[in-house]
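Enquirer: To be precise about what I am sending: the file is called input-v6.pdb and holds PDB, C-alpha atoms.
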```pdb
ATOM      1  CA  MET A   1      -5.919  -5.767   1.619
ATOM      2  CA  TYR A   2      -4.006  -2.805   0.201
ATOM      3  CA  LEU A   3      -3.149  -3.575  -3.433
ATOM      4  CA  VAL A   4      -0.146  -1.764  -4.878
ATOM      5  CA  LEU A   5      -0.404  -1.312  -8.646
ATOM      6  CA  ASP A   6       3.084  -1.218 -10.154
ATOM      7  CA  PRO A   7       3.349  -1.736 -13.924
ATOM      8  CA  SER A   8       6.981  -2.885 -13.701
ATOM      9  CA  VAL A   9       5.894  -6.035 -11.862
ATOM     10  CA  ARG A  10       3.653  -7.320 -14.659
ATOM     11  CA  PRO A  11       3.888  -5.006 -17.707
ATOM     12  CA  ASP A  12       1.446  -7.050 -19.786
ATOM     13  CA  ARG A  13      -1.391  -6.753 -17.257
ATOM     14  CA  PRO A  14      -3.346  -3.450 -17.568
ATOM     15  CA  LEU A  15      -3.602  -1.817 -14.154
ATOM     16  CA  VAL A  16      -7.128  -0.501 -14.707
ATOM     17  CA  ASP A  17      -8.292  -4.067 -15.395
ATOM     18  CA  VAL A  18      -6.586  -5.261 -12.209
ATOM     19  CA  LEU A  19      -8.249  -2.508 -10.181
ATOM     20  CA  ARG A  20     -11.690  -3.259 -11.569
ATOM     21  CA  GLN A  21     -11.386  -7.004 -11.046
ATOM     22  CA  ALA A  22     -10.019  -6.609  -7.522
ATOM     23  CA  ALA A  23     -12.704  -4.071  -6.627
ATOM     24  CA  ALA A  24     -15.389  -6.463  -7.849
ATOM     25  CA  LEU A  25     -14.037  -8.929  -5.262
ATOM     26  CA  GLY A  26     -14.190  -6.391  -2.454
ATOM     27  CA  VAL A  27     -10.766  -4.717  -2.487
ATOM     28  CA  ARG A  28     -11.217  -1.033  -1.748
ATOM     29  CA  LEU A  29      -7.708   0.343  -1.203
ATOM     30  CA  PHE A  30      -5.217   0.761  -4.048
ATOM     31  CA  GLN A  31      -1.902   2.514  -4.547
ATOM     32  CA  TYR A  32      -0.448   3.524  -7.896
ATOM     33  CA  ARG A  33       3.338   3.233  -7.920
ATOM     34  CA  ASP A  34       5.549   3.770 -10.945
ATOM     35  CA  LYS A  35       9.088   4.958 -10.336
ATOM     36  CA  GLN A  36      10.105   4.702 -13.992
ATOM     37  CA  ALA A  37       7.387   6.502 -15.968
ATOM     38  CA  THR A  38       7.649  10.047 -17.233
ATOM     39  CA  MET A  39       5.361  12.516 -15.521
ATOM     40  CA  LYS A  40       3.094  12.636 -18.568
ATOM     41  CA  ALA A  41       2.813   8.837 -18.738
ATOM     42  CA  ALA A  42       2.274   8.605 -14.983
ATOM     43  CA  TYR A  43      -0.432  11.262 -15.179
ATOM     44  CA  THR A  44      -2.253   9.416 -17.969
ATOM     45  CA  GLN A  45      -2.156   6.138 -16.035
ATOM     46  CA  ALA A  46      -3.073   7.738 -12.708
ATOM     47  CA  LEU A  47      -6.010   9.571 -14.243
ATOM     48  CA  ALA A  48      -7.386   6.351 -15.720
ATOM     49  CA  LEU A  49      -6.999   4.629 -12.341
ATOM     50  CA  ARG A  50      -8.639   7.573 -10.559
ATOM     51  CA  GLN A  51     -11.638   7.406 -12.859
ATOM     52  CA  ALA A  52     -11.949   3.635 -12.459
ATOM     53  CA  ALA A  53     -11.596   3.849  -8.673
ATOM     54  CA  THR A  54     -14.311   6.504  -8.508
ATOM     55  CA  GLU A  55     -16.664   4.373 -10.580
ATOM     56  CA  VAL A  56     -16.269   1.337  -8.305
ATOM     57  CA  GLY A  57     -16.163   3.245  -5.018
ATOM     58  CA  ALA A  58     -12.519   2.465  -4.248
ATOM     59  CA  CYS A  59      -9.758   4.579  -2.721
ATOM     60  CA  LEU A  60      -6.690   5.458  -4.816
ATOM     61  CA  ILE A  61      -3.422   6.531  -3.207
ATOM     62  CA  ILE A  62      -0.470   7.847  -5.234
ATOM     63  CA  ASN A  63       3.032   6.729  -4.301
ATOM     64  CA  ASP A  64       5.561   9.488  -3.503
ATOM     65  CA  ARG A  65       4.194  12.356  -5.599
ATOM     66  CA  CYS A  66       1.915  14.985  -4.112
ATOM     67  CA  ASP A  67       1.807  16.854  -7.427
ATOM     68  CA  LEU A  68       0.441  13.815  -9.212
ATOM     69  CA  ALA A  69      -2.033  13.135  -6.411
ATOM     70  CA  LEU A  70      -3.304  16.705  -6.717
ATOM     71  CA  ALA A  71      -3.430  16.577 -10.510
ATOM     72  CA  VAL A  72      -5.766  13.577 -10.589
ATOM     73  CA  ASN A  73      -7.580  14.384  -7.318
ATOM     74  CA  ALA A  74      -6.474  11.106  -5.746
ATOM     75  CA  ASP A  75      -7.575  10.174  -2.249
ATOM     76  CA  GLY A  76      -4.088  10.691  -0.880
ATOM     77  CA  VAL A  77      -0.385  10.011  -1.124
ATOM     78  CA  HIS A  78       2.004   7.444   0.300
ATOM     79  CA  LEU A  79       5.395   8.840   1.300
ATOM     80  CA  GLY A  80       8.754   7.185   1.769
ATOM     81  CA  GLN A  81      11.347   8.265   4.289
ATOM     82  CA  ASP A  82      13.148  10.342   1.630
ATOM     83  CA  ASP A  83      10.042  11.979   0.187
ATOM     84  CA  LEU A  84       8.341  15.266   1.046
ATOM     85  CA  PRO A  85       7.852  15.641   4.824
ATOM     86  CA  VAL A  86       4.416  14.658   6.098
ATOM     87  CA  ALA A  87       3.660  18.173   7.361
ATOM     88  CA  ASP A  88       4.368  19.707   3.956
ATOM     89  CA  ALA A  89       2.318  17.032   2.201
ATOM     90  CA  ARG A  90      -0.567  17.794   4.552
ATOM     91  CA  ARG A  91      -0.283  21.501   3.819
ATOM     92  CA  LEU A  92      -0.412  20.823   0.082
ATOM     93  CA  LEU A  93      -3.128  18.183   0.068
ATOM     94  CA  GLY A  94      -5.356  19.517   2.826
ATOM     95  CA  PRO A  95      -6.927  17.825   5.838
ATOM     96  CA  GLU A  96      -9.282  15.509   3.957
ATOM     97  CA  LYS A  97      -6.684  13.542   1.968
ATOM     98  CA  LEU A  98      -4.993  10.413   3.296
ATOM     99  CA  ILE A  99      -1.254  10.414   3.947
ATOM    100  CA  GLY A 100       0.650   7.185   4.473
ATOM    101  CA  LEU A 101       4.275   6.851   5.542
ATOM    102  CA  SER A 102       6.678   3.967   5.042
ATOM    103  CA  THR A 103       8.566   2.883   8.159
ATOM    104  CA  HIS A 104      11.273   0.252   8.481
ATOM    105  CA  GLY A 105      12.162   0.048  12.149
ATOM    106  CA  PRO A 106      11.146   1.088  15.670
ATOM    107  CA  GLU A 107      12.746   4.543  15.544
ATOM    108  CA  GLN A 108      10.895   5.466  12.367
ATOM    109  CA  VAL A 109       7.651   4.216  13.906
ATOM    110  CA  ARG A 110       8.240   6.440  16.939
ATOM    111  CA  GLN A 111       8.908   9.399  14.661
ATOM    112  CA  ALA A 112       5.726   8.666  12.737
ATOM    113  CA  ILE A 113       3.699   9.120  15.913
ATOM    114  CA  GLN A 114       4.852  12.745  16.015
ATOM    115  CA  LEU A 115       4.437  13.270  12.255
ATOM    116  CA  LYS A 116       0.815  12.101  12.374
ATOM    117  CA  PRO A 117       0.230  10.363   9.051
ATOM    118  CA  ASP A 118      -3.132   8.648   8.637
ATOM    119  CA  TYR A 119      -1.466   5.233   8.489
ATOM    120  CA  ILE A 120       1.969   3.670   8.255
ATOM    121  CA  GLY A 121       3.435   0.921   6.158
ATOM    122  CA  PHE A 122       5.890  -1.291   8.048
ATOM    123  CA  GLY A 123       8.417  -3.668   6.579
ATOM    124  CA  PRO A 124       9.786  -5.401   4.739
ATOM    125  CA  ILE A 125       8.343  -8.224   6.814
ATOM    126  CA  PHE A 126       9.978 -10.789   4.543
ATOM    127  CA  SER A 127      12.502 -10.553   1.738
ATOM    128  CA  THR A 128      11.022  -9.170  -1.466
ATOM    129  CA  ALA A 129      12.128  -9.052  -5.080
ATOM    130  CA  THR A 130       9.998  -5.987  -5.799
ATOM    131  CA  LYS A 131      12.715  -3.706  -4.386
ATOM    132  CA  ALA A 132      16.301  -4.762  -4.965
ATOM    133  CA  ASP A 133      17.633  -2.252  -2.425
ATOM    134  CA  HIS A 134      15.028  -2.762   0.282
ATOM    135  CA  ASP A 135      15.682  -2.130   3.965
ATOM    136  CA  PRO A 136      16.630  -5.013   6.288
ATOM    137  CA  VAL A 137      13.891  -7.587   6.841
ATOM    138  CA  VAL A 138      12.059  -7.014  10.133
ATOM    139  CA  GLY A 139      10.186 -10.317  10.397
ATOM    140  CA  LEU A 140       7.110 -11.076  12.455
ATOM    141  CA  GLU A 141       8.943 -10.273  15.698
ATOM    142  CA  GLY A 142       9.778  -6.817  14.393
ATOM    143  CA  LEU A 143       6.142  -6.349  13.448
ATOM    144  CA  ARG A 144       4.964  -7.376  16.924
ATOM    145  CA  ALA A 145       7.404  -4.945  18.516
ATOM    146  CA  ALA A 146       6.350  -2.115  16.214
ATOM    147  CA  ARG A 147       2.690  -2.731  17.008
ATOM    148  CA  THR A 148       3.318  -1.950  20.676
ATOM    149  CA  LEU A 149       4.718   1.477  19.799
ATOM    150  CA  THR A 150       1.734   3.068  18.057
ATOM    151  CA  THR A 151      -1.997   2.958  17.570
ATOM    152  CA  LEU A 152      -1.713   4.252  14.001
ATOM    153  CA  PRO A 153      -3.234   1.887  11.424
ATOM    154  CA  MET A 154      -0.389  -0.322  10.197
ATOM    155  CA  PHE A 155      -0.044  -2.168   6.901
ATOM    156  CA  ALA A 156       2.619  -4.851   6.702
ATOM    157  CA  ILE A 157       4.541  -4.974   3.437
ATOM    158  CA  GLY A 158       7.327  -6.987   1.867
ATOM    159  CA  GLY A 159       7.336 -10.530   0.533
ATOM    160  CA  ILE A 160       3.805 -11.234   1.713
ATOM    161  CA  THR A 161       2.065 -14.323   0.398
ATOM    162  CA  ALA A 162      -1.410 -15.575   1.192
ATOM    163  CA  ASP A 163      -0.230 -18.301   3.583
ATOM    164  CA  ARG A 164       1.444 -15.658   5.779
ATOM    165  CA  VAL A 165      -1.486 -13.277   6.148
ATOM    166  CA  GLY A 166      -2.956 -14.964   9.220
ATOM    167  CA  ASP A 167       0.343 -14.735  11.118
ATOM    168  CA  ILE A 168       0.790 -11.114  10.060
ATOM    169  CA  LEU A 169      -2.655 -10.127  11.317
ATOM    170  CA  ALA A 170      -2.049 -12.026  14.546
ATOM    171  CA  ALA A 171       1.183 -10.069  14.979
ATOM    172  CA  GLY A 172      -0.811  -6.854  15.008
ATOM    173  CA  ALA A 173      -1.005  -5.494  11.479
ATOM    174  CA  ASN A 174      -4.304  -3.940  10.454
ATOM    175  CA  GLY A 175      -3.805  -5.096   6.893
ATOM    176  CA  VAL A 176      -1.296  -6.199   4.284
ATOM    177  CA  ALA A 177       0.078  -4.323   1.294
ATOM    178  CA  VAL A 178       0.503  -6.735  -1.595
ATOM    179  CA  ILE A 179       2.207  -6.359  -4.951
ATOM    180  CA  SER A 180       3.832  -9.341  -6.665
ATOM    181  CA  ALA A 181       1.692 -12.077  -5.141
ATOM    182  CA  ILE A 182      -1.364 -10.576  -6.838
ATOM    183  CA  LEU A 183       0.002  -8.894  -9.956
ATOM    184  CA  LYS A 184       2.038 -11.940 -10.984
ATOM    185  CA  ALA A 185      -0.682 -14.477 -10.198
ATOM    186  CA  GLN A 186      -1.860 -16.533 -13.152
ATOM    187  CA  ASP A 187      -5.399 -16.525 -11.779
ATOM    188  CA  LEU A 188      -5.968 -13.039 -10.384
ATOM    189  CA  GLU A 189      -9.414 -13.774  -8.961
ATOM    190  CA  GLN A 190      -8.313 -16.887  -7.108
ATOM    191  CA  ALA A 191      -5.214 -15.131  -5.743
ATOM    192  CA  ILE A 192      -7.301 -12.295  -4.307
ATOM    193  CA  LYS A 193      -9.838 -14.673  -2.783
ATOM    194  CA  THR A 194      -7.045 -16.669  -1.141
ATOM    195  CA  PHE A 195      -5.630 -13.505   0.416
ATOM    196  CA  GLN A 196      -9.071 -12.578   1.725
ATOM    197  CA  GLN A 197      -9.668 -15.868   3.563
ATOM    198  CA  PRO A 198      -8.051 -14.836   6.890
ATOM    199  CA  TRP A 199     -10.552 -11.947   7.149
ATOM    200  CA  SER A 200     -13.549 -14.139   6.404
ATOM    201  CA  GLY A 201     -12.695 -16.752   9.034
ATOM    202  CA  PRO A 202     -13.197 -16.659  12.824
ATOM    203  CA  SER A 203     -12.334 -13.427  14.613
ATOM    204  CA  ARG A 204      -8.675 -13.161  15.492
ATOM    205  CA  PRO A 205      -7.533 -12.243  19.008
ATOM    206  CA  THR A 206      -6.439  -8.677  19.632
ATOM    207  CA  PRO A 207      -2.628  -8.534  20.084
TER     208      PRO A 207
END
```
Take the structure from the file and write it as structure tokens.

Expert:
Amino acid sequence: MYLVLDPSVRPDRPLVDVLRQAAALGVRLFQYRDKQATMKAAYTQALALRQAATEVGACLIINDRCDLALAVNADGVHLGQDDLPVADARRLLGPEKLIGLSTHGPEQVRQAIQLKPDYIGFGPIFSTATKADHDPVVGLEGLRAARTLTTLPMFAIGGITADRVGDILAAGANGVAVISAILKAQDLEQAIKTFQQPWSGPSRPTP
């Protein structure tokens, strides 16, 4: 599970606390995303998350901003289609940092093969309230089709709830990126455990 930490989703829930609690349950991949904060506020939050992630042995990715990723020595950056090109991000961050790229359809997946990010996000699989202006929903069929185009690690994103994880993994995703279903959960621990169940069950067939 790839947990996206966005303070706009649940402003009253401290992100460092979420990271620590999720990491204690085995989550190891986090992304900090805040499209509204000033650079100074984003830096303060990212630095606290970086320190917490280091202490618990987790990986922290910064959404969009290579400068912020460099400033806090994050493990990498996740880029959108309108962000800095992957090649330039690689030049800035170096070969050891992770670079993810959002993709929303087959053509962007094909382009990603040439751009060589470390992984891609693909979606939205389902409709999501997290982004009001999100790209068209691709569905499970779109995910299956995208899986045939690349061997890059692929994280499905968009409207994902725990009851859909099994189908998403069966459709070929390597993991799921989750935001609202975790951050808005009344019982954070139980929500994370429910999401983890498909990985703890019998081995799934390879698509």

Enquirer: Residue by residue, what does the PyMOL selection byres ((chain A and resi 192) around 9) grab here? Present the result as a ChimeraX atom specification.

Expert: /A:1,22,25,27,162,182,187-191,193-197

Enquirer: Convert the output of the PyMOL selection byres ((chain A and resi 28) around 6) on the shown file into explicit residues, formatted as a PyMOL selection string.

Expert: chain A and resi 23+27+29+58-59

Enquirer: Using all atoms listed in the file, I'd like a table of the residues in region 136-160 of chain A that come within 7 Å of region 106-123 of chain A; for each, show the closest atom pair and its distance in Å rounded to one decimal, ordered by chain and ascending number, as a Markdown table.

Expert:
```
| residue | atom | partner | partner_atom | distance |
| --- | --- | --- | --- | --- |
| A:Val137 | CA | A:Gly123 | CA | 6.7 |
| A:Val138 | CA | A:Gly123 | CA | 6.1 |
| A:Ala146 | CA | A:Pro106 | CA | 5.8 |
| A:Leu149 | CA | A:Arg110 | CA | 6.7 |
| A:Thr150 | CA | A:Ile113 | CA | 6.7 |
| A:Leu152 | CA | A:Tyr119 | CA | 5.6 |
| A:Pro153 | CA | A:Tyr119 | CA | 4.8 |
| A:Met154 | CA | A:Ile120 | CA | 5.0 |
| A:Phe155 | CA | A:Gly121 | CA | 4.7 |
| A:Ala156 | CA | A:Phe122 | CA | 5.0 |
| A:Ile157 | CA | A:Gly123 | CA | 5.2 |
| A:Gly158 | CA | A:Gly123 | CA | 5.9 |
```

Enquirer: Taking all atoms of region 38-41 of chain A that appear in the file, build a box with edges along x, y and z, extend it by 5 Å on every side, and state its centre and edge lengths in Å to one decimal, as JSON.

Expert:
```
{"center_x": 5.2, "center_y": 10.7, "center_z": -17.1, "size_x": 14.8, "size_y": 13.8, "size_z": 13.2}
```

Enquirer: So that I can check the surroundings of Phe30 (chain A), please list as number ranges by chain every protein, DNA and RNA residue that reaches within 7 Å of it, counting only C-alpha atoms and ignoring chain neighbours fewer than 2 positions away.

Expert: A: 2-5, 28, 32, 59-61

Enquirer: Can you translate the PyMOL selection byres ((chain A and resi 85-91) around 8) into the concrete residues it hits in this file, as a VMD selection string?

Expert: chain A and resid 66 79 83 to 84 92 to 95 97 99 101 115 to 117

Enquirer: Using Å and a single decimal, report how far CA of Ser8 (chain A) sits from CA of Ala69 (chain A).

Expert: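 Between CA of Ala69 (chain A) and CA of Ser8 (chain A) the gap works out to 19.8 Å.
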
Enquirer: Distance table requested - region 73-100 of chain A against region 42-48 of chain A, cut-off 12 Å, only C-alpha atoms: one row per qualifying residue with the closest atom pair and its distance in Å to one decimal, ordered by chain and rising residue number, as a tab-separated table.

Expert:
```
residue	atom	partner	partner_atom	distance
A:Asn73	CA	A:Leu47	CA	8.6
A:Ala74	CA	A:Ala46	CA	8.4
A:Asp75	CA	A:Ala46	CA	11.6
```

Enquirer: Expressed in Å to a single decimal, how great is the separation between CA of Asp6 (chain A) and CA of Gly159 (chain A)?

Expert: 14.8 Å

Enquirer: Just want the 10 Å neighbourhood of Trp199 (chain A), counted on all atoms listed in the file, with same-chain residues fewer than 5 positions away dropped. Output as a ChimeraX atom specification.

Expert: /A:1,165-166,169,175,204

Enquirer: Would you mind telling me which residue in A:Gly76, A:Gly57, A:Pro124, A:Pro11 lies nearest to Glu96 (chain A) when using only C-alpha atoms?

Expert: A:Gly76

Enquirer: Please list, as an MDAnalysis selection string, the residues that have an atom at most 8 Å away from (1.6, -8.7, -9.4) in the coordinates of this file, counting only C-alpha atoms.

Expert: chainID A and resid 5:6 9:10 179:185

Enquirer: Please, could N, CA, C and O atoms be added to region 91-103 of chain A and the result written as a PDB file, in the coordinates of the input?

Expert:
```
ATOM      1  N   ARG A  91      -0.003  20.113   4.200  1.00  0.00           N
ATOM      2  CA  ARG A  91      -0.283  21.501   3.819  1.00  0.00           C
ATOM      3  C   ARG A  91      -0.710  21.593   2.360  1.00  0.00           C
ATOM      4  O   ARG A  91      -1.617  22.349   2.014  1.00  0.00           O
ATOM      5  N   LEU A  92      -0.083  20.798   1.507  1.00  0.00           N
ATOM      6  CA  LEU A  92      -0.412  20.823   0.082  1.00  0.00           C
ATOM      7  C   LEU A  92      -1.739  20.140  -0.217  1.00  0.00           C
ATOM      8  O   LEU A  92      -2.548  20.642  -1.010  1.00  0.00           O
ATOM      9  N   LEU A  93      -1.968  19.000   0.410  1.00  0.00           N
ATOM     10  CA  LEU A  93      -3.128  18.183   0.068  1.00  0.00           C
ATOM     11  C   LEU A  93      -4.388  18.564   0.844  1.00  0.00           C
ATOM     12  O   LEU A  93      -5.497  18.297   0.402  1.00  0.00           O
ATOM     13  N   GLY A  94      -4.199  19.159   2.018  1.00  0.00           N
ATOM     14  CA  GLY A  94      -5.356  19.517   2.826  1.00  0.00           C
ATOM     15  C   GLY A  94      -5.708  18.426   3.830  1.00  0.00           C
ATOM     16  O   GLY A  94      -5.185  17.313   3.781  1.00  0.00           O
ATOM     17  N   PRO A  95      -6.623  18.727   4.730  1.00  0.00           N
ATOM     18  CA  PRO A  95      -6.927  17.825   5.838  1.00  0.00           C
ATOM     19  C   PRO A  95      -7.734  16.584   5.458  1.00  0.00           C
ATOM     20  O   PRO A  95      -7.767  15.616   6.213  1.00  0.00           O
ATOM     21  N   GLU A  96      -8.388  16.618   4.306  1.00  0.00           N
ATOM     22  CA  GLU A  96      -9.282  15.509   3.957  1.00  0.00           C
ATOM     23  C   GLU A  96      -8.576  14.350   3.255  1.00  0.00           C
ATOM     24  O   GLU A  96      -9.114  13.236   3.202  1.00  0.00           O
ATOM     25  N   LYS A  97      -7.392  14.588   2.708  1.00  0.00           N
ATOM     26  CA  LYS A  97      -6.684  13.542   1.968  1.00  0.00           C
ATOM     27  C   LYS A  97      -5.916  12.627   2.926  1.00  0.00           C
ATOM     28  O   LYS A  97      -5.480  13.038   3.998  1.00  0.00           O
ATOM     29  N   LEU A  98      -5.735  11.386   2.510  1.00  0.00           N
ATOM     30  CA  LEU A  98      -4.993  10.413   3.296  1.00  0.00           C
ATOM     31  C   LEU A  98      -3.497  10.547   3.031  1.00  0.00           C
ATOM     32  O   LEU A  98      -3.075  10.753   1.894  1.00  0.00           O
ATOM     33  N   ILE A  99      -2.704  10.420   4.084  1.00  0.00           N
ATOM     34  CA  ILE A  99      -1.254  10.414   3.947  1.00  0.00           C
ATOM     35  C   ILE A  99      -0.703   9.190   4.666  1.00  0.00           C
ATOM     36  O   ILE A  99      -0.929   9.005   5.864  1.00  0.00           O
ATOM     37  N   GLY A 100      -0.011   8.349   3.899  1.00  0.00           N
ATOM     38  CA  GLY A 100       0.650   7.185   4.473  1.00  0.00           C
ATOM     39  C   GLY A 100       2.144   7.399   4.506  1.00  0.00           C
ATOM     40  O   GLY A 100       2.690   8.186   3.731  1.00  0.00           O
ATOM     41  N   LEU A 101       2.826   6.699   5.401  1.00  0.00           N
ATOM     42  CA  LEU A 101       4.275   6.851   5.542  1.00  0.00           C
ATOM     43  C   LEU A 101       4.920   5.483   5.717  1.00  0.00           C
ATOM     44  O   LEU A 101       4.510   4.696   6.574  1.00  0.00           O
ATOM     45  N   SER A 102       5.926   5.217   4.909  1.00  0.00           N
ATOM     46  CA  SER A 102       6.678   3.967   5.042  1.00  0.00           C
ATOM     47  C   SER A 102       7.619   4.041   6.238  1.00  0.00           C
ATOM     48  O   SER A 102       8.313   5.044   6.427  1.00  0.00           O
ATOM     49  N   THR A 103       7.638   2.982   7.032  1.00  0.00           N
ATOM     50  CA  THR A 103       8.566   2.883   8.159  1.00  0.00           C
ATOM     51  C   THR A 103       9.242   1.521   8.113  1.00  0.00           C
ATOM     52  O   THR A 103       8.667   0.547   7.633  1.00  0.00           O
TER      53      THR A 103
END
```
